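*Asks:* Handing over start-v8.txt, compact mmCIF, C-alpha atoms.
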```txt
# COMPACT_ATOMS: atom_id res chain seq x y z
CA MET L 1360 -43.53 60.73 -57.19
CA GLN L 1361 -41.54 62.40 -54.41
CA HIS L 1362 -42.76 59.76 -51.94
CA ALA L 1363 -41.31 56.95 -54.09
CA VAL L 1364 -37.95 58.76 -54.34
CA ARG L 1365 -37.80 59.29 -50.57
CA LYS L 1366 -38.68 55.63 -49.97
CA ARG L 1367 -35.88 54.42 -52.34
CA PHE L 1368 -33.44 56.80 -50.63
CA ALA L 1369 -34.41 55.48 -47.18
CA VAL L 1370 -34.01 51.87 -48.31
CA SER L 1371 -30.61 52.69 -49.86
CA MET L 1372 -29.43 54.42 -46.64
CA GLY L 1373 -30.64 51.46 -44.62
CA ALA L 1374 -28.58 49.11 -46.79
CA VAL L 1375 -25.51 51.35 -46.38
CA CYS L 1376 -25.97 51.35 -42.59
CA LEU L 1377 -26.23 47.55 -42.54
CA VAL L 1378 -23.00 47.29 -44.55
CA CYS L 1379 -21.28 49.68 -42.07
CA LEU L 1380 -22.49 47.54 -39.18
CA TYR L 1381 -21.29 44.35 -40.90
CA VAL L 1382 -17.83 45.80 -41.48
CA THR L 1383 -17.49 47.25 -37.95
CA VAL L 1384 -18.59 44.23 -35.87
CA PRO L 1385 -16.12 41.65 -37.24
CA ALA L 1386 -13.26 44.15 -36.81
CA PHE L 1387 -14.04 44.41 -33.07
CA ALA L 1388 -14.47 40.65 -32.72
CA GLN L 1389 -11.03 40.11 -34.27
CA SER L 1390 -9.15 42.51 -31.96
CA ASP L 1391 -6.48 41.09 -29.69
CA THR L 1392 -8.21 42.23 -26.50
CA VAL L 1393 -11.97 41.92 -26.01
CA PRO L 1394 -13.18 44.00 -23.04
CA ARG L 1395 -16.52 43.12 -21.48
CA LYS L 1396 -18.46 44.56 -18.57
CA VAL L 1397 -21.03 42.45 -16.73
CA SER L 1398 -23.23 42.93 -13.68
CA LYS L 1399 -24.27 40.02 -11.48
CA SER L 1400 -26.27 39.71 -8.29
CA GLY L 1401 -26.51 36.95 -5.74
CA LYS L 1402 -27.23 36.14 -2.13
CA ALA L 1403 -25.04 36.42 0.95
CA ASP L 1404 -23.04 33.32 1.89
CA GLN L 1405 -23.58 31.75 -1.55
CA GLU L 1406 -21.23 31.58 -4.52
CA LEU L 1407 -22.21 33.43 -7.67
CA PRO L 1408 -21.28 32.14 -11.17
CA LEU L 1409 -19.65 34.93 -13.22
CA ASN L 1410 -18.59 33.40 -16.54
CA GLY L 1411 -17.21 30.30 -18.23
CA PHE L 1412 -14.16 29.87 -20.47
CA VAL L 1413 -12.89 27.12 -22.74
CA ARG L 1414 -10.40 26.65 -25.55
CA VAL L 1415 -11.43 24.45 -28.49
CA ASP L 1416 -9.71 22.85 -31.47
CA ASP L 1417 -10.86 23.09 -35.11
CA ASP L 1418 -13.46 20.36 -34.44
CA CYS L 1419 -14.91 22.33 -31.48
CA ALA L 1420 -13.61 19.78 -28.96
CA GLY L 1421 -12.40 21.21 -25.65
CA ILE L 1422 -8.62 21.40 -25.28
CA GLY L 1423 -8.64 22.86 -21.78
CA PRO L 1424 -9.22 26.24 -20.24
CA PRO L 1425 -7.29 29.41 -20.97
CA ARG L 1426 -5.01 30.88 -18.30
CA ILE L 1427 -7.09 33.25 -16.16
CA ASN L 1428 -5.51 36.00 -14.08
CA LEU L 1429 -7.16 38.15 -11.45
CA ASP L 1430 -6.24 41.75 -12.30
CA ARG L 1431 -8.28 43.57 -9.61
CA PRO L 1432 -9.37 41.46 -6.62
CA PRO L 1433 -12.76 42.06 -5.02
CA ALA L 1434 -12.78 43.96 -1.72
CA HIS L 1435 -15.47 41.83 -0.07
CA GLY L 1436 -15.05 38.34 -1.48
CA VAL L 1437 -12.96 35.89 -3.48
CA VAL L 1438 -12.92 34.99 -7.19
CA CYS L 1439 -12.07 31.37 -8.03
CA LEU L 1440 -12.65 28.75 -10.73
CA ARG L 1441 -13.58 25.10 -11.12
CA PRO L 1442 -13.78 22.68 -14.06
CA ALA L 1443 -17.15 22.71 -15.82
CA GLU L 1444 -18.84 22.21 -19.17
CA VAL L 1445 -19.11 25.58 -20.88
CA VAL L 1446 -21.35 26.67 -23.76
CA LEU L 1447 -19.44 28.91 -26.18
CA LYS L 1448 -21.40 32.17 -26.30
CA VAL L 1449 -18.58 34.49 -27.42
CA LEU L 1450 -15.88 33.56 -29.91
CA VAL L 1451 -12.37 34.95 -29.48
CA LYS L 1452 -9.92 35.37 -32.34
CA GLY L 1453 -8.94 32.00 -33.79
CA THR L 1454 -12.08 30.10 -32.71
CA PRO L 1455 -14.12 28.61 -35.60
CA ALA L 1456 -17.53 30.29 -35.93
CA ARG L 1457 -19.24 26.89 -36.16
CA CYS L 1458 -18.30 26.31 -32.48
CA LEU L 1459 -20.72 29.01 -31.27
CA GLY L 1460 -23.37 27.39 -29.06
CA ARG L 1461 -21.40 24.15 -28.58
CA LYS L 1462 -20.42 22.71 -25.18
CA ALA L 1463 -16.89 21.81 -24.20
CA LEU L 1464 -14.99 21.12 -20.97
CA GLY L 1465 -13.42 24.28 -19.58
CA VAL L 1466 -13.76 26.28 -16.36
CA ARG L 1467 -16.42 28.39 -14.70
CA VAL L 1468 -15.43 31.45 -12.66
CA PHE L 1469 -17.25 32.19 -9.37
CA TYR L 1470 -17.46 35.05 -6.87
CA ARG L 1471 -17.79 34.11 -3.20
CA PRO L 1472 -18.71 36.93 -0.80
CA HIS L 1473 -17.02 37.04 2.60
CA ASP L 1474 -19.13 35.54 5.40
CA GLY L 1475 -22.25 37.62 5.97
CA TYR L 1476 -21.31 40.34 3.46
CA THR L 1477 -24.07 42.20 1.62
CA GLY L 1478 -23.57 45.16 -0.68
CA LYS L 1479 -21.64 46.02 -3.83
CA ASP L 1480 -18.27 44.70 -4.97
CA GLU L 1481 -16.26 44.57 -8.18
CA ALA L 1482 -13.43 42.59 -9.74
CA ARG L 1483 -11.51 42.35 -13.01
CA PHE L 1484 -9.97 39.22 -14.52
CA THR L 1485 -8.45 38.32 -17.87
CA ALA L 1486 -8.69 35.02 -19.78
CA GLN L 1487 -5.61 34.59 -21.99
CA PHE L 1488 -6.09 32.63 -25.20
CA PRO L 1489 -3.33 31.81 -27.75
CA LYS L 1490 -4.32 34.61 -30.18
CA SER L 1491 -6.25 37.03 -27.96
CA GLN L 1492 -7.45 37.76 -24.48
CA MET L 1493 -10.77 38.69 -22.88
CA THR L 1494 -10.91 41.06 -19.92
CA LEU L 1495 -14.05 41.08 -17.78
CA ASP L 1496 -14.98 43.88 -15.41
CA VAL L 1497 -17.62 42.49 -13.07
CA ASP L 1498 -19.93 44.53 -10.84
CA VAL L 1499 -21.43 42.36 -8.10
CA THR L 1500 -24.40 43.06 -5.84
CA ILE L 1501 -24.91 40.75 -2.86
CA VAL L 1502 -28.28 40.81 -1.09
CA PRO L 1503 -29.31 39.14 2.19
CA ASN L 1504 -30.06 35.45 1.75
CA GLY L 1505 -33.29 35.50 3.76
CA ARG L 1506 -32.05 32.98 6.33
CA PRO L 1507 -32.14 34.03 10.00
CA ALA L 1508 -28.82 35.41 11.16
CA VAL L 1509 -26.80 33.35 13.63
CA LYS L 1510 -26.68 35.19 16.96
CA THR L 1511 -23.01 35.39 17.85
CA ALA L 1512 -21.40 38.44 19.40
CA PRO L 1513 -17.80 39.12 18.39
CA ALA L 1514 -15.49 40.97 20.78
CA ASP L 1515 -16.43 44.24 19.03
CA ALA L 1516 -20.08 43.69 18.11
CA GLY L 1517 -20.06 46.60 15.64
CA ALA L 1518 -17.14 45.35 13.52
CA PRO L 1519 -17.35 42.52 10.96
CA ALA L 1520 -14.77 39.76 11.17
CA GLU L 1521 -11.63 40.68 9.20
CA GLN L 1522 -10.80 38.48 6.23
CA SER L 1523 -7.56 38.62 4.30
CA PRO L 1524 -7.85 40.17 0.84
CA GLN L 1525 -7.26 38.13 -2.29
CA THR L 1526 -4.16 39.07 -4.26
CA PRO L 1527 -3.82 39.60 -8.04
CA GLY L 1528 -2.47 36.66 -10.05
CA PRO L 1529 -3.65 33.29 -11.36
CA LEU L 1530 -7.18 32.40 -10.23
CA PRO L 1531 -7.20 29.63 -7.63
CA VAL L 1532 -9.46 26.59 -7.79
CA CYS L 1533 -12.53 27.00 -5.57
CA ALA L 1534 -12.22 25.13 -2.29
CA ALA L 1535 -15.17 23.03 -1.17
CA LEU L 1536 -17.86 25.05 0.57
CA VAL L 1537 -17.82 24.67 4.31
CA SER L 1538 -21.22 25.02 5.99
```
Please go through the file and, once you have read it, give me the structure as structure tokens.
*Replies:*
Amino acid sequence: MQHAVRKRFAVSMGAVCLVCLYVTVPAFAQSDTVPRKVSKSGKADQELPLNGFVRVDDDCAGIGPPRINLDRPPAHGVVCLRPAEVVLKVLVKGTPARCLGRKALGVRVFYRPHDGYTGKDEARFTAQFPKSQMTLDVDVTIVPNGRPAVKTAPADAGAPAEQSPQTPGPLPVCAALVS
């Protein structure tokens, strides 16, 4: 008899926990700012896709990308964007739920390490939608690409070539890769 009572109690508590989870998740999804943290890894001298963004209408058709601002530039690379088809994997406030998993024309954000750089880097950018915004903190790890290094000796062989840092503000469009 006690076993049956304990089992009913456990089932009841499980149902209560599921209701709590159901109530909590939509509240977070409907907040005005959705913070996300992602980690990505890629190879030296190659661009690394970070995320895609798109705005859609009530019929899930793309109506262009959101405005994307670089809040914290990377120390050892550049963050940029280019037009691309994007699959909606996360819905921001105001996006119909039926659009989840659909493709629409938007933009994809990329990280490009400085020439020859390997190691860790980080950046933060924010996509601004009409009713909300999504801020992404990205941790990046760049590993050697496995290609033989080009043997060139700079004036100071121990120092890497200096590259100007990217500044905060609107993300630029990625320039064509130069090989």
*Asks:* Can you tell me, as a ChimeraX atom specification, what residues are no more than 12 Å from Ser1523 of chain L when counting all atoms listed in the file, ignoring any on the same chain fewer than 4 positions away?
*Replies:* /L:1432-1437,1473
*Asks:* Hey, can you check how far atom CA of Ala1534 of chain L sits from atom CA of Ile1501 of chain L?
*Replies:*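 We find that atom CA of Ala1534 of chain L and atom CA of Ile1501 of chain L lie 20.1 Å from each other.
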*Asks:* Just give me the gap between atom CA of Val1445 of chain L and atom CA of Ala1486 of chain L in Å, one decimal is fine.
*Replies:*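 For atom CA of Val1445 of chain L relative to atom CA of Ala1486 of chain L, the distance reads 14.1 Å.
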*Asks:* Between atom CA of Gly1401 of chain L and atom CA of Val1532 of chain L, what is the distance, to one decimal in Å?
*Replies:* 20.1 Å
*Asks:* May I have the protein, DNA and RNA residues with any atom at most 10 Å from the point (-10.0, 24.0, -24.2), counting all atoms listed in the file, written as a count of residues only?
*Replies:* 18
*Asks:* Tell me which residues come within 7 Å of (-13.4, 29.2, -5.7), as a ChimeraX atom specification, counting all atoms listed in the file in the file's coordinates.
*Replies:* /L:1438-1441,1469,1531-1534
*Asks:* Find the residue from L:Val1502, L:Ala1482, L:Val1468, L:Ala1456 that sits nearest to Pro1408 of chain L; use only C-alpha atoms when measuring.
*Replies:*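 Looking only at the distances to Pro1408 of chain L, the closest residue turns out to be L:Val1468.
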